[in-house]
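data_32.cif follows (mmCIF, C-alpha atoms):
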data_entry
loop_
_atom_site.label_atom_id
_atom_site.label_comp_id
_atom_site.auth_asym_id
_atom_site.auth_seq_id
_atom_site.Cartn_x
_atom_site.Cartn_y
_atom_site.Cartn_z
CA MET A 6 65.58 145.57 53.00
CA GLU A 7 68.54 143.36 52.26
CA TRP A 8 69.78 141.09 55.06
CA LEU A 9 73.47 140.45 55.71
CA TRP A 10 74.51 137.70 58.10
CA ILE A 11 78.02 137.43 59.50
CA TYR A 12 78.60 134.64 62.01
CA ASP A 13 81.34 134.41 64.62
CA LYS A 14 82.74 131.00 65.55
CA GLN A 15 82.76 131.67 69.31
CA CYS A 16 79.21 133.08 69.29
CA ILE A 17 77.91 130.01 67.46
CA GLN A 18 79.71 127.67 69.87
CA GLN A 19 78.03 129.43 72.79
CA LEU A 20 74.73 129.33 70.95
CA MET A 21 75.05 125.58 70.37
CA GLN A 22 75.37 125.02 74.13
CA ASN A 23 72.00 126.69 74.81
CA LYS A 24 69.38 124.55 73.05
CA ASP A 25 66.39 126.70 74.08
CA LEU A 26 68.03 129.83 72.71
CA LEU A 27 69.10 127.93 69.60
CA LEU A 28 65.51 126.80 68.85
CA TYR A 29 64.25 130.34 69.31
CA PHE A 30 67.01 131.73 67.14
CA GLU A 31 66.41 129.19 64.37
CA SER A 32 62.71 130.06 64.36
CA PHE A 33 63.68 133.70 63.96
CA LEU A 34 66.03 132.82 61.12
CA SER A 35 63.37 130.76 59.34
CA ILE A 36 61.23 133.90 59.12
CA ILE A 37 64.17 135.85 57.70
CA ASN A 38 64.96 133.00 55.34
CA LYS A 39 61.54 133.29 53.72
CA ARG A 40 62.31 136.90 52.89
CA ASN A 41 65.81 136.30 51.59
CA PRO A 42 67.00 132.68 51.77
CA THR A 43 70.35 133.32 50.15
CA ASN A 44 71.89 135.42 52.88
CA ILE A 45 71.94 132.98 55.82
CA VAL A 46 73.26 129.92 54.10
CA GLY A 47 76.62 130.36 55.84
CA TYR A 48 75.01 130.22 59.25
CA GLU A 49 72.85 127.21 58.45
CA ARG A 50 75.78 125.25 57.06
CA LYS A 51 77.87 126.17 60.08
CA VAL A 52 75.18 125.11 62.58
CA GLU A 53 74.48 121.91 60.65
CA SER A 54 78.15 120.94 60.52
CA MET A 55 78.69 121.77 64.21
CA SER A 56 75.56 119.94 65.36
CA ASN A 57 76.68 116.85 63.45
CA ILE A 58 80.21 116.85 64.83
CA ASN A 59 79.47 115.72 68.41
CA ILE A 60 78.55 112.13 69.24
CA SER A 61 77.31 111.13 72.70
CA TYR A 62 78.23 108.07 74.76
CA LYS A 63 74.74 106.65 74.12
CA GLU A 64 75.09 107.11 70.35
CA LEU A 65 78.58 105.59 70.45
CA LYS A 66 77.21 102.45 72.13
CA GLN A 67 74.67 102.02 69.36
CA LEU A 68 77.35 101.85 66.66
CA GLU A 69 78.33 98.39 65.45
CA LYS A 70 81.75 97.12 66.47
CA GLY A 71 84.23 97.56 63.68
CA SER A 72 82.22 100.38 62.08
CA TYR A 73 84.22 103.14 63.74
CA GLN A 74 87.70 104.02 64.99
CA LEU A 75 88.42 106.06 68.11
CA LEU A 76 91.47 108.35 68.04
CA ASP A 77 92.82 109.46 71.43
CA MET A 78 94.27 112.97 71.16
CA ARG A 79 95.67 113.16 74.70
CA ASP A 80 99.39 113.08 75.34
CA GLU A 81 101.29 110.07 76.68
CA SER A 82 101.13 111.20 80.29
CA ASN A 83 97.33 110.95 80.03
CA THR A 84 96.92 107.88 77.81
CA SER A 85 99.17 105.86 80.14
CA TYR A 86 96.42 106.13 82.75
CA GLY A 87 93.92 104.46 80.43
CA MET A 88 92.23 104.72 77.05
CA ILE A 89 88.80 103.85 75.74
CA HIS A 90 88.81 100.23 74.60
CA GLY A 91 89.73 99.95 70.93
CA ALA A 92 91.14 103.46 70.66
CA VAL A 93 94.50 104.24 69.08
CA VAL A 94 96.74 107.23 69.71
CA ALA A 95 95.95 110.08 67.35
CA ALA A 96 98.65 111.41 65.06
CA GLY A 97 100.03 114.92 65.44
CA GLU A 98 98.11 117.91 64.15
CA ASP A 99 99.80 117.87 60.74
CA GLU A 100 99.23 114.12 60.20
CA LEU A 101 95.78 113.84 61.81
CA GLY A 102 93.90 114.39 58.56
CA THR A 103 95.91 111.70 56.76
CA GLN A 104 95.36 109.26 59.64
CA ALA A 105 91.63 109.96 59.67
CA LYS A 106 91.30 109.50 55.89
CA GLU A 107 92.95 106.07 56.10
CA TYR A 108 90.17 104.85 58.39
CA ILE A 109 87.47 106.65 56.40
CA ASP A 110 88.70 104.92 53.25
CA GLN A 111 88.17 101.61 55.09
CA GLY A 112 84.51 102.57 55.49
CA LYS A 113 84.81 103.49 59.18
CA LYS A 114 83.57 106.51 61.08
CA VAL A 115 86.41 108.36 62.80
CA ILE A 116 85.73 109.62 66.33
CA LEU A 117 88.19 111.93 68.04
CA TYR A 118 88.34 112.41 71.79
CA CYS A 119 90.47 114.35 74.23
CA THR A 120 90.13 115.00 77.96
CA LYS A 121 86.88 116.94 77.92
CA GLY A 122 85.87 117.11 74.27
CA ILE A 123 87.07 120.68 73.75
CA PHE A 124 90.20 120.17 71.68
CA SER A 125 88.76 117.21 69.75
CA LYS A 126 85.75 119.29 68.72
CA GLU A 127 87.99 122.06 67.43
CA ALA A 128 90.08 119.51 65.53
CA ALA A 129 86.94 117.96 64.02
CA GLU A 130 85.75 121.38 62.87
CA LYS A 131 89.13 122.11 61.30
CA LEU A 132 89.12 118.78 59.45
CA ALA A 133 85.55 119.45 58.28
CA GLU A 134 86.75 122.66 56.66
CA GLU A 135 89.28 120.51 54.77
CA GLY A 136 86.50 118.17 53.63
CA ILE A 137 87.37 115.40 56.09
CA ASN A 138 84.28 114.48 58.12
CA VAL A 139 85.04 113.12 61.57
CA LEU A 140 83.18 113.15 64.89
CA SER A 141 84.11 114.36 68.38
CA LEU A 142 83.10 112.41 71.47
CA GLU A 143 80.93 114.64 73.62
CA GLY A 144 82.50 115.28 77.02
CA GLY A 145 85.73 113.58 75.95
CA TYR A 146 87.37 110.82 77.98
CA THR A 147 86.07 112.23 81.26
CA GLY A 148 82.46 112.36 80.03
CA TRP A 149 82.76 108.81 78.65
CA LEU A 150 84.16 107.60 81.96
CA LEU A 151 81.35 109.12 84.03
CA SER A 152 78.74 107.62 81.69
CA LEU A 153 80.43 104.21 81.91
CA MET A 154 80.54 104.39 85.72
CA LYS A 155 76.86 105.24 85.89
CA GLU A 156 76.06 102.24 83.72
CA GLU A 157 78.26 99.95 85.86
CA GLN A 158 76.57 101.15 89.05
CA GLU A 159 73.18 100.28 87.56
CA ASN A 160 74.48 96.81 86.61
CA ASP A 161 75.84 96.26 90.14
CA GLN A 162 72.47 97.18 91.59
CA LYS A 163 70.83 94.60 89.33
CA THR A 164 73.37 91.96 90.42
CA GLU A 165 72.69 92.69 94.09
CA GLN A 166 68.96 92.45 93.47
CA ASN A 167 69.38 89.14 91.62
CA ASN A 168 71.51 87.81 94.50
CA LYS A 169 68.80 88.66 97.00
CA GLU A 170 66.28 86.78 94.89
CA ALA A 171 68.70 83.86 94.45
CA GLU A 172 69.32 83.68 98.20
CA GLY A 173 65.62 83.32 98.84
CA LYS A 174 65.43 80.46 96.35
CA GLY A 175 68.59 78.71 97.56
CA LYS A 176 70.45 79.39 94.31
CA LYS A 177 74.14 80.24 93.87
CA LYS A 178 74.93 83.93 94.14
CA GLU A 179 76.71 85.83 91.38
CA LEU A 180 79.89 87.69 92.36
CA THR A 181 79.52 91.46 92.36
CA ARG A 182 82.06 93.52 90.45
CA THR A 183 83.73 94.53 93.71
CA GLN A 184 84.10 90.89 94.71
CA GLU A 185 85.56 90.03 91.29
CA ILE A 186 88.17 92.79 91.67
CA GLU A 187 89.10 91.60 95.17
CA LYS A 188 89.33 88.03 93.92
CA SER A 189 91.78 89.11 91.20
CA ILE A 190 94.14 90.44 93.90
CA ARG A 191 94.02 87.15 95.83
CA LYS A 192 94.28 84.88 92.78
CA LYS A 193 95.49 86.19 89.40
CA PHE A 194 97.70 89.01 90.73
CA HIS A 195 98.79 87.45 94.01
CA LYS A 196 102.39 86.85 92.93
CA GLN A 197 102.97 90.06 90.96
CA ILE A 198 101.19 92.44 93.34
CA PHE A 199 100.06 91.20 96.76
CA SER A 200 103.18 89.14 97.51
CA LYS A 201 105.43 92.09 96.65
CA PHE A 202 103.27 94.38 98.78
CA VAL A 203 103.74 92.07 101.77
CA LYS A 204 107.45 91.66 101.00
CA ALA A 205 108.02 95.43 101.09
CA ILE A 206 106.18 95.72 104.41
CA LYS A 207 108.34 92.97 105.93
CA THR A 208 111.64 94.01 104.31
CA TYR A 209 111.41 97.64 105.36
CA ASP A 210 109.37 97.11 108.56
CA LEU A 211 106.58 99.44 107.43
CA VAL A 212 103.66 98.32 109.59
CA GLN A 213 103.72 97.62 113.34
CA GLU A 214 101.13 96.50 115.83
CA ASN A 215 98.59 99.19 116.83
CA ASP A 216 99.59 101.50 113.98
CA LYS A 217 96.87 103.77 112.67
CA ILE A 218 97.69 104.42 109.02
CA ALA A 219 96.19 107.06 106.73
CA ILE A 220 96.04 105.54 103.25
CA CYS A 221 96.40 108.63 101.07
CA ILE A 222 94.26 108.32 97.95
CA SER A 223 94.82 110.70 95.05
CA GLY A 224 92.30 108.95 92.81
CA GLY A 225 94.89 107.32 90.53
CA LYS A 226 95.50 103.62 89.92
CA ASP A 227 98.41 103.34 92.38
CA SER A 228 96.72 104.75 95.47
CA MET A 229 93.41 102.98 94.76
CA LEU A 230 95.19 99.63 94.44
CA MET A 231 97.16 100.37 97.62
CA ALA A 232 93.89 100.88 99.49
CA LYS A 233 92.61 97.48 98.31
CA LEU A 234 95.91 95.81 99.25
CA PHE A 235 95.72 97.22 102.77
CA GLN A 236 92.14 95.95 103.09
CA GLU A 237 93.31 92.50 102.01
CA LEU A 238 96.28 92.64 104.41
CA LYS A 239 94.02 93.57 107.32
CA ARG A 240 91.82 90.52 106.65
CA HIS A 241 94.78 88.17 107.06
CA ASN A 242 97.30 89.94 109.29
CA LYS A 243 98.36 88.47 112.63
CA PHE A 244 98.38 91.73 114.60
CA HIS A 245 96.02 94.68 115.00
CA PHE A 246 96.32 97.94 113.10
CA ASP A 247 93.78 100.54 111.95
CA LEU A 248 93.24 102.19 108.58
CA VAL A 249 91.81 105.52 107.47
CA PHE A 250 91.29 106.04 103.74
CA LEU A 251 92.08 109.71 103.25
CA VAL A 252 91.24 111.75 100.16
CA MET A 253 92.24 115.38 99.95
CA ASP A 254 90.36 117.50 97.44
CA PRO A 255 92.88 120.21 96.53
CA GLY A 256 90.47 121.84 94.10
CA TYR A 257 89.27 119.11 91.74
CA ASN A 258 86.62 120.05 89.24
CA GLU A 259 83.23 118.45 89.80
CA MET A 260 83.74 115.66 87.25
CA ASN A 261 87.09 114.50 88.64
CA ARG A 262 85.74 114.57 92.20
CA GLN A 263 82.82 112.43 91.02
CA ILE A 264 85.16 109.90 89.37
CA ILE A 265 87.13 109.47 92.61
CA GLU A 266 83.96 108.98 94.65
CA ASN A 267 82.50 106.56 92.08
CA ASN A 268 85.69 104.45 92.07
CA ALA A 269 85.80 104.41 95.88
CA LYS A 270 82.21 103.18 95.93
CA LEU A 271 82.89 100.53 93.29
CA LEU A 272 85.97 99.27 95.15
CA ASP A 273 84.19 99.43 98.54
CA ILE A 274 86.74 101.86 100.00
CA PRO A 275 85.20 103.99 102.81
CA ILE A 276 86.93 107.27 102.04
CA THR A 277 87.22 110.33 104.29
CA VAL A 278 87.33 113.46 102.14
CA PHE A 279 88.62 116.87 103.20
CA GLU A 280 89.20 119.97 101.10
CA SER A 281 92.03 122.44 100.55
CA ASP A 282 92.81 125.24 98.10
CA ILE A 283 96.22 124.00 96.95
CA PHE A 284 95.45 124.10 93.22
CA ASP A 285 94.50 127.78 93.46
CA ALA A 286 97.62 128.52 95.50
CA VAL A 287 100.07 127.02 92.98
CA TYR A 288 98.25 127.79 89.73
CA GLU A 289 100.05 131.10 89.13
CA ILE A 290 103.46 129.69 90.08
CA GLU A 291 105.62 129.49 86.95
CA LYS A 292 108.64 127.66 88.37
CA SER A 293 108.14 124.06 89.56
CA PRO A 294 104.40 124.24 90.41
CA CYS A 295 104.19 120.43 90.57
CA TYR A 296 107.00 120.23 93.15
CA LEU A 297 105.37 122.91 95.30
CA CYS A 298 101.96 121.25 94.93
CA ALA A 299 103.37 117.87 96.04
CA ARG A 300 105.04 119.40 99.10
CA MET A 301 101.90 121.28 100.10
CA ARG A 302 99.70 118.21 99.59
CA ARG A 303 101.97 116.14 101.82
CA GLY A 304 101.81 118.80 104.53
CA TYR A 305 98.01 118.86 104.43
CA LEU A 306 97.87 115.04 104.51
CA TYR A 307 100.23 114.85 107.50
CA SER A 308 98.17 117.46 109.33
CA LYS A 309 94.79 115.81 108.68
CA ALA A 310 96.14 112.32 109.42
CA LYS A 311 97.52 113.48 112.77
CA GLU A 312 94.20 115.18 113.54
CA LEU A 313 92.49 111.81 112.95
CA GLY A 314 94.87 110.06 115.36
CA CYS A 315 97.11 108.42 112.75
CA ASN A 316 100.83 107.91 113.26
CA LYS A 317 101.64 107.10 109.62
CA ILE A 318 100.65 108.12 106.12
CA ALA A 319 100.99 105.66 103.23
CA LEU A 320 101.74 106.88 99.69
CA GLY A 321 101.35 104.81 96.52
CA HIS A 322 104.79 105.22 94.93
CA HIS A 323 105.90 102.05 93.16
CA TYR A 324 109.15 100.45 91.91
CA ASP A 325 109.20 102.45 88.67
CA ASP A 326 108.79 105.71 90.58
CA VAL A 327 111.85 104.74 92.64
CA ILE A 328 114.18 104.04 89.71
CA GLU A 329 112.99 107.13 87.85
CA THR A 330 113.72 109.24 90.93
CA ILE A 331 117.24 107.80 91.20
CA LEU A 332 118.02 108.59 87.57
CA MET A 333 116.37 112.03 87.67
CA GLY A 334 118.47 112.95 90.67
CA MET A 335 121.64 112.12 88.78
CA LEU A 336 120.70 113.65 85.42
CA TYR A 337 118.86 116.77 86.56
CA GLY A 338 119.87 117.26 90.20
CA ALA A 339 123.57 116.29 90.13
CA GLN A 340 123.08 114.06 93.14
CA VAL A 341 122.80 110.39 94.06
CA GLN A 342 119.70 109.77 96.12
CA THR A 343 116.58 107.62 96.15
CA MET A 344 112.94 107.67 97.17
CA MET A 345 113.05 106.05 100.62
CA PRO A 346 110.60 103.28 101.62
CA LYS A 347 109.90 105.12 104.87
CA LEU A 348 110.71 108.49 106.43
CA HIS A 349 110.25 110.26 109.76
CA SER A 350 108.41 113.55 109.29
CA THR A 351 110.56 116.57 110.10
CA ASN A 352 107.58 118.90 110.66
CA PHE A 353 105.01 116.62 112.29
CA GLU A 354 106.40 114.99 115.40
CA GLY A 355 105.65 111.29 115.77
CA MET A 356 104.50 110.92 112.15
CA GLU A 357 106.04 108.64 109.52
CA LEU A 358 105.64 108.26 105.77
CA ILE A 359 105.63 104.73 104.32
CA ARG A 360 105.65 103.44 100.73
CA PRO A 361 104.36 99.84 100.74
CA MET A 362 104.11 99.66 96.91
CA TYR A 363 107.90 100.02 96.75
CA LEU A 364 108.57 96.66 95.07
CA ILE A 365 105.54 96.55 92.73
CA ARG A 366 106.07 97.18 89.00
CA GLU A 367 103.90 99.77 87.28
CA ASP A 368 103.13 97.42 84.36
CA ASP A 369 101.59 94.95 86.82
CA ILE A 370 99.43 97.72 88.29
CA LYS A 371 98.29 98.63 84.77
CA HIS A 372 97.58 94.98 84.02
CA TRP A 373 95.41 94.72 87.17
CA ARG A 374 93.59 97.92 86.20
CA ASP A 375 92.91 96.83 82.62
CA TYR A 376 92.03 93.25 83.56
CA ASN A 377 89.28 94.59 85.81
CA GLY A 378 88.18 97.29 83.37
CA LEU A 379 88.97 100.07 85.84
CA HIS A 380 89.52 103.71 84.92
CA PHE A 381 91.14 106.29 87.17
CA ILE A 382 92.05 109.95 87.01
CA GLN A 383 95.59 111.12 86.45
CA CYS A 384 96.67 114.22 88.39
CA ALA A 385 93.50 116.22 87.67
CA CYS A 386 95.05 119.57 88.61
CA LYS A 387 94.29 122.73 86.68
CA PHE A 388 97.28 122.07 84.39
CA THR A 389 96.02 118.62 83.34
CA ASP A 390 92.22 118.56 83.73
CA THR A 391 91.70 120.75 80.67
CA CYS A 392 92.42 119.96 77.05
CA THR A 393 95.66 121.95 77.07
CA THR A 394 97.63 118.69 77.25
CA CYS A 395 95.66 116.90 74.55
CA ASN A 396 97.72 118.09 71.62
CA PRO A 397 100.90 116.04 71.27
CA ASP A 398 102.51 118.81 69.23
CA GLY A 399 104.47 121.35 71.20
CA VAL A 400 103.73 119.83 74.58
CA THR A 401 106.57 120.06 77.08
CA LYS A 402 106.92 116.62 78.61
CA SER A 403 107.68 116.31 82.30
CA LYS A 404 111.18 115.32 83.36
CA ARG A 405 109.73 112.16 84.88
CA MET A 406 108.14 111.19 81.57
CA GLU A 407 111.42 111.86 79.75
CA THR A 408 113.25 109.69 82.29
CA LYS A 409 110.68 106.92 81.94
CA GLN A 410 111.19 106.91 78.18
CA LEU A 411 114.97 106.95 78.60
CA ILE A 412 114.86 103.88 80.84
CA ALA A 413 112.65 102.11 78.29
CA LYS A 414 115.22 102.84 75.56
CA MET A 415 118.11 101.57 77.71
CA LYS A 416 116.14 98.41 78.49
CA GLU A 417 116.16 97.57 74.78
CA ILE A 418 119.94 97.26 75.04
CA ASN A 419 120.21 95.93 78.59
CA PRO A 420 117.21 94.00 79.97
CA TYR A 421 118.58 94.31 83.51
CA VAL A 422 118.87 98.09 83.52
CA GLU A 423 115.84 98.66 85.79
CA SER A 424 116.97 96.30 88.55
CA ASN A 425 120.53 97.62 88.23
CA ILE A 426 119.34 101.19 88.82
CA PHE A 427 117.28 100.04 91.82
CA LYS A 428 120.17 98.07 93.34
CA SER A 429 122.73 100.82 92.69
CA VAL A 430 121.65 102.74 95.79
CA GLU A 431 121.88 99.55 97.88
CA ASN A 432 125.49 98.97 96.81
CA VAL A 433 127.09 102.37 97.41
CA ASN A 434 130.78 102.00 98.31
CA LEU A 435 131.77 105.10 100.31
CA LYS A 436 135.44 104.45 99.60
CA THR A 437 134.82 105.15 95.92
CA ILE A 438 132.80 108.32 96.49
CA ILE A 439 134.43 111.75 96.09
CA ALA A 440 132.09 113.30 98.63
CA TYR A 441 128.79 112.69 100.39
CA LYS A 442 126.38 114.56 102.63
CA LYS A 443 125.03 113.48 106.00
CA ASP A 444 122.68 115.59 108.11
CA GLY A 445 123.41 118.54 105.85
CA VAL A 446 127.18 118.32 106.32
CA LYS A 447 129.39 117.56 103.33
CA HIS A 448 132.19 115.02 103.82
CA SER A 449 135.11 114.64 101.38
CA PHE A 450 137.23 111.56 100.76
CA LEU A 451 140.20 113.80 101.59
CA ASP A 452 139.00 114.04 105.21
CA THR A 453 140.27 110.51 105.91
CA TYR A 454 142.53 109.93 102.93
CA ASP A 455 145.89 110.18 104.76
CA GLN A 456 144.61 108.15 107.74
CA GLU A 457 143.87 105.19 105.50
CA ASN A 458 147.44 105.02 104.13
#
Can you dump the structure from the file as structure tokens?
Amino acid sequence: MEWLWIYDKQCIQQLMQNKDLLLYFESFLSIINKRNPTNIVGYERKVESMSNINISYKELKQLEKGSYQLLDMRDESNTSYGMIHGAVVAAGEDELGTQAKEYIDQGKKVILYCTKGIFSKEAAEKLAEEGINVLSLEGGYTGWLLSLMKEEQENDQKTEQNNKEAEGKGKKKELTRTQEIEKSIRKKFHKQIFSKFVKAIKTYDLVQENDKIAICISGGKDSMLMAKLFQELKRHNKFHFDLVFLVMDPGYNEMNRQIIENNAKLLDIPITVFESDIFDAVYEIEKSPCYLCARMRRGYLYSKAKELGCNKIALGHHYDDVIETILMGMLYGAQVQTMMPKLHSTNFEGMELIRPMYLIREDDIKHWRDYNGLHFIQCACKFTDTCTTCNPDGVTKSKRMETKQLIAKMKEINPYVESNIFKSVENVNLKTIIAYKKDGVKHSFLDTYDQEN
């Protein structure tokens, strides 16, 4: 009997994920191979190449520094939230092979990674077919981050144990990682971050005595830093106010939920988590799902905060968010408006929204994050927690990202463009405005034109 073996890529990928089945299957094939070894070569080569493509976090750590190059295949909206140390942005699909060969020619291993290791594995397989051997980081950026956090937690436990032993012997204690991060806010980043946080609170009268504020934490760098700043403010403030650190899980996958909880533990933020099904509700919406998601999230946060006895919710929007919003309104909304530092809720009586990060620059937040070796999630919704945004080719960038890039281009010509945009909504001269709206009513300059003559 002559054997004929035809393999299917998807079947083999599923087979590779089940090691017990794979061992059984390979034993079966070894028996067949003895009868006719020439007919299953395709399978064996495929399995060998696929099994050699993935590299784990543990294996990555064992590689010597300088012996490999990491290529981050995620798009800019993801890489701006953090990259693995030493990684560079991967070239587009057409240039990826050329980029990889340049590093291979230098004697380096090339390791691709994306969000979860799905797209990078497919890219590695495609390059292998072209004779370019590269690796894919198992689990992608998310898997690497969870492994790193686990390692850091173990190190913190060792530090705490050493401190207990040192205390008993009268020796100086070593600062824990949490204490180092808190110290950076008080010392290194006091001027750029904490002082501007306090200035915004004073300038816009954001916090009053006996307030109970829900610090809304999405899991990103901005809201996590805001939580730490409020903790620092409470240690030194002259009047009493209460804080609740509120995390809404709108449908995170298990890994992203774990990253948020791990970061909260590392930063010593006592979070209160509640769940909703917002991601499922907006997933099938084709037009403006992000806008609808944001509105729904805010409604859920208001509701839960009020249930917990809060009179305010705090969101982590920063200076760059403000100027981007101003420009987006003009370019895409045909209106002049801004993101306000505080708002009364129209649907939840007695509730206010405050933005205490209003004067803090995003680059300073990134600097604080990177200085402390912190890694946070981005949005983590169903549109961004997969590898569908990893490929820089053909990805539709958000309007906010386009606006951010536009401002960066204008800054090359005019270094004051950012502050000018910010101040533009503080210096509105109604006498030079054709029309404006107030409380939903449109007013024209013609309404009072003849009276001013």
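With distances taken over all atoms listed in the file, A:Tyr73 is the one residue among A:Tyr454, A:Tyr73, A:Tyr305, A:Tyr146 lying closest to A:Asp110.
Note that atom CA of A:Lys233 and atom CA of A:Phe194 are 12.5 Å apart.
Using only C-alpha atoms, the nearest neighbour of A:Tyr324 within the list A:Ala128, A:Cys119, A:Ala205, A:Ala440 is A:Ala205.
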Practice task
Name the closest residue to A:Tyr209 among the candidates A:Leu364, A:Lys447, A:Ile412, A:Lys188; distances are taken between atoms, counting all atoms listed in the file.
Solution key: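 Comparing A:Leu364, A:Lys447, A:Ile412, A:Lys188 against A:Tyr209, the winner is A:Leu364.
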Exercise for the section: For A:Lys193, please output as a list in words all residues within 12 Å (counting all atoms listed in the file; exclusion window: fewer than 5 positions along the same chain). Expected result: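 Everything that qualifies: Glu185, Ile186, Glu187, Lys188, Ile198, Phe199, Ser200, Asp369, His372, Trp373, Tyr376 and Asn377 of chain A.
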Residues from the last selection, C-alpha atoms, saved as a PDB file, keeping the file's coordinate frame:
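Output (again.pdb):
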ATOM      1  CA  GLU A 185      85.560  90.030  91.290  1.00  0.00           C
ATOM      2  CA  ILE A 186      88.170  92.790  91.670  1.00  0.00           C
ATOM      3  CA  GLU A 187      89.100  91.600  95.170  1.00  0.00           C
ATOM      4  CA  LYS A 188      89.330  88.030  93.920  1.00  0.00           C
ATOM      5  CA  ILE A 198     101.190  92.440  93.340  1.00  0.00           C
ATOM      6  CA  PHE A 199     100.060  91.200  96.760  1.00  0.00           C
ATOM      7  CA  SER A 200     103.180  89.140  97.510  1.00  0.00           C
ATOM      8  CA  ASP A 369     101.590  94.950  86.820  1.00  0.00           C
ATOM      9  CA  HIS A 372      97.580  94.980  84.020  1.00  0.00           C
ATOM     10  CA  TRP A 373      95.410  94.720  87.170  1.00  0.00           C
ATOM     11  CA  TYR A 376      92.030  93.250  83.560  1.00  0.00           C
ATOM     12  CA  ASN A 377      89.280  94.590  85.810  1.00  0.00           C
TER      13      ASN A 377
END
Exercise for the section: Run the PyMOL selection byres ((chain A and resi 353-358) around 12) on the file and write out the hits as a PyMOL selection string. Expected result: chain A and resi 211-213+216-221+303-312+314-322+344-352+359-361
Exercise for the section: Let me know the residues the PyMOL selection byres ((chain A and resi 267-279) around 8) catches in the file above, as number ranges by chain. Expected result: A: 154, 158, 182-183, 186, 229, 232-233, 249-254, 263-266, 280-281, 381
Taking all atoms of stretch 162-174 of chain A that the file lists, what box with edges along x, y and z, padded by 4 Å per side, do you get, with centre and edge lengths in Å to one decimal, as JSON?
{"center_x": 69.4, "center_y": 88.8, "center_z": 94.1, "size_x": 15.9, "size_y": 24.7, "size_z": 17.5}
Exercise for the section: Step by step, work through what the PyMOL selection byres ((chain A and resi 74) around 8) selects in the shown file, and finish by giving those residues as a VMD selection string. Expected result: chain A and resid 71 to 73 75 to 76 91 to 93 108 113 to 116
Exercise for the section: Figure out the distance between atom CA of A:Ser125 and atom CA of A:Glu98, please, to one decimal in Å. Expected result: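 Taking atom CA of A:Glu98 and atom CA of A:Ser125, their separation equals 10.9 Å.
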Exercise for the section: Quick one: pull the distance between atom CA of A:Arg191 and atom CA of A:Tyr421, Å, one decimal. Expected result: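 Distance between the two atoms: 28.4 Å.
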Handout entry: Contacts of stretch 57-59 of chain A within 8 Å, all atoms listed in the file, excl. fewer than 3 positions in-chain, as a list of chain:residue names
Key =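 Returned residues: A:Glu53, A:Ser54, A:Lys126, A:Ala129, A:Glu130, A:Val139, A:Leu140, A:Ser141, A:Leu142, A:Glu143.
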Handout entry: Residue nearest A:Ser424 among A:Arg366, A:Lys155, A:His448, A:Lys66 (counting only C-alpha atoms)
Key =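 Smallest separation from A:Ser424 among the options: A:Arg366.
Distances from A:Glu165, A:Thr437, A:Ala413, A:Ile123 to A:Gln184 were compared using all atoms listed in the file, and the smallest one belongs to A:Glu165.
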